[in-house]
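Everything below concerns the one structure shown next.
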Amino acid sequence: MSLRLALSGGAGWASSVDLLAAVGLPVEPLRGAHGRPLCTLDDGTTVMTLRPRDVPVYVESGVADLGLVGKDVLLEQGRDVCELFDLRLAAGRLMFAATRGAEARTRRLGRLRVATPYPRAARRHFERSGRQAEIVPVYDAPEMGAAAGLADGVVSLVRSGAALRAGGLIEREEIARCSLRLVANRAARVLLGDEIGALVERLRAVVEAP
């Protein structure tokens with residue numbers, strides 16, 4: 001293949017590589033190259049391992065034809081890419097969670113303060129329900145920020161919920177179910193339609209197998 005794939009590093013990277021192996025890609029060079037950003041497989045496929053937030057940027061710009069990236073990143077960035085389907089990997093929930101005293105504080109001050117690494121998604125969520133919220137961008141351990149008094153709550157990606165419990169936070173509202181999604185560059189989807197279509201069908205057959 002001549003396709004260029006962008007993978008999200010971190011959570012879900014290993015399962016993404018396993019998925020590519022399951023559809024027949026020669027991924028052996030990737031197994032020992034978790035920290036290597038660029039790798040060409042024996043069949044000609046180029047694989048880029050990127051920070052999750054960079055995957056949609058590379059796909060939108062056309063540097064990558066396809067990308068595997070979390071739905072949380074897509075919701076936050078709103079990049080102009082084609083979301084093809086849910087890969088059902090690295091599942092989690094984008095949640096609003098609050099401290100126990102958040103409601104009383106909000107009634108007193110008239111505004112909720114929310115710490116989050118997803119400022120755009122959080123702002124849209126509260127605007128849809130007509131609530132005022134001061135969004136505080138915090139990109140590392142927002143739960144700790146809320147526990148320390150920086151905010152009344154957080155909007156965060158939750159998997160086990162351990163970080164919320166450690167911060168004394170209570171789940172209030174689910175904003176979205178999130179998992180890795182397959183996305184495509186719009187021009188590449190047309191120009192490389194046959195090649196992308198064949199890979200998509202192989203992926204779908206594995207992901208949706210009973």
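In the structure tokens, chains take letters A, B, ... by order of appearance, with residues numbered from 1 within each chain and ligands from 1 in the order shown.
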
Strand (DSSP E) call set, DSSP backbone run, range 29-62 of chain A, as a PDB file with N, CA and C atoms, in the first residue's frame:
```pdb
ATOM      1  N   LEU A  38       8.163   8.025  12.791  1.00  0.00           N
ATOM      2  CA  LEU A  38       7.912   7.723  11.383  1.00  0.00           C
ATOM      3  C   LEU A  38       8.483   6.347  11.060  1.00  0.00           C
ATOM      4  N   CYS A  39       7.652   5.502  10.431  1.00  0.00           N
ATOM      5  CA  CYS A  39       8.075   4.133  10.122  1.00  0.00           C
ATOM      6  C   CYS A  39       7.415   3.702   8.811  1.00  0.00           C
ATOM      7  N   THR A  40       8.186   3.115   7.917  1.00  0.00           N
ATOM      8  CA  THR A  40       7.655   2.581   6.669  1.00  0.00           C
ATOM      9  C   THR A  40       7.604   1.063   6.760  1.00  0.00           C
ATOM     10  N   THR A  46       3.167   4.017   5.193  1.00  0.00           N
ATOM     11  CA  THR A  46       3.892   4.897   6.106  1.00  0.00           C
ATOM     12  C   THR A  46       3.055   5.102   7.360  1.00  0.00           C
ATOM     13  N   VAL A  47       3.640   4.873   8.521  1.00  0.00           N
ATOM     14  CA  VAL A  47       2.927   5.025   9.790  1.00  0.00           C
ATOM     15  C   VAL A  47       3.606   6.107  10.613  1.00  0.00           C
ATOM     16  N   MET A  48       2.832   7.090  11.034  1.00  0.00           N
ATOM     17  CA  MET A  48       3.323   8.165  11.896  1.00  0.00           C
ATOM     18  C   MET A  48       2.702   7.994  13.271  1.00  0.00           C
ATOM     19  N   THR A  49       3.518   8.018  14.307  1.00  0.00           N
ATOM     20  CA  THR A  49       3.016   7.988  15.673  1.00  0.00           C
ATOM     21  C   THR A  49       3.125   9.388  16.242  1.00  0.00           C
ATOM     22  N   LEU A  50       1.974   9.957  16.590  1.00  0.00           N
ATOM     23  CA  LEU A  50       1.893  11.368  16.958  1.00  0.00           C
ATOM     24  C   LEU A  50       1.207  11.540  18.306  1.00  0.00           C
TER      25      LEU A  50
END
```

Skipping near chain neighbours, those fewer than 5 positions away, what residues fall within 12 Å of Ala162 in chain A using only C-alpha atoms, listed as a ChimeraX atom specification? /A:141,143-144,157,167-171

Just the residues within 9 Å of Arg131 in chain A, please, counting only C-alpha atoms, with nothing from its chain fewer than 3 positions along; format it as a ChimeraX atom specification. /A:111-112,125-128

Would you mind exporting the chosen residues as an mmCIF file, in the first residue's frame, restricted to C-alpha atoms?
```cif
data_model
loop_
_atom_site.group_PDB
_atom_site.id
_atom_site.type_symbol
_atom_site.label_atom_id
_atom_site.label_comp_id
_atom_site.auth_asym_id
_atom_site.auth_seq_id
_atom_site.Cartn_x
_atom_site.Cartn_y
_atom_site.Cartn_z
ATOM 1 C CA ARG A 111 -21.184 30.958 37.737
ATOM 2 C CA LEU A 112 -19.568 27.521 37.644
ATOM 3 C CA HIS A 125 -21.749 21.741 26.550
ATOM 4 C CA PHE A 126 -22.654 24.431 29.056
ATOM 5 C CA GLU A 127 -23.842 26.884 26.401
ATOM 6 C CA ARG A 128 -26.270 24.283 25.038
#
```

Do a neighbour search on Gly70 in chain A at 6 Å with only C-alpha atoms, toss out local chain neighbours closer than 6 positions, and write the hits as a PDB file with C-alpha atoms, in the first residue's frame.
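Everything below was put into out-v3.pdb:
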```pdb
ATOM      1  CA  SER A 179     -13.245   5.765  21.593  1.00  0.00           C
ATOM      2  CA  LEU A 180     -10.736   5.645  18.767  1.00  0.00           C
ATOM      3  CA  ARG A 181     -12.205   6.618  15.403  1.00  0.00           C
TER       4      ARG A 181
END
```
